[in-house]
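Shown next, in structure tokens, is the structure this report addresses.
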Amino acid sequence: MTLDGIADEVAAGKTVELRNFGVFEVIVRKSRKGRNPPVS
């Protein structure tokens with residue numbers, strides 16, 4: 001239930017801070033090109 005609450009707040013664009021644990025927030029970054037190496 002706690003994780004659902006954190007996920008809902010972060011999905012809404014809010015920052016969630018849990019003291020002595022961490023900060024959950026959405027960070028927008030540029031896209032990058034991924035590579036899949038060939039399988040031998």
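If you're wondering about the labels, chains in the structure tokens are A, B, ... by order shown, residues count from 1 in each chain, ligands from 1 in order shown.
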
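Every residue of chain A found in alpha helix (DSSP H) when DSSP is run on the backbone appears here: A:Thr2, A:Leu3, A:Asp4, A:Gly5, A:Ile6, A:Ala7, A:Asp8, A:Glu9, A:Val10, A:Ala11.
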
Inset, instruction - Quick one: pull the distance between atom CA of Phe21 of chain A and atom CA of Leu3 of chain A, Å, one decimal. - result: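 Computed distance, atom CA of Phe21 of chain A to atom CA of Leu3 of chain A, equals 13.4 Å.
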
Legend entry - Nearby residues (only C-alpha atoms) at most 12 Å from Leu18 of chain A, same-chain spacing under 5 positions excluded, as a count of residues only: 6

Legend entry - Exercise: Gly5 of chain A partners within 12 Å, only C-alpha atoms, chain neighbours under 4 positions left out, as a ChimeraX atom specification: /A:1,9-12,14-16,24
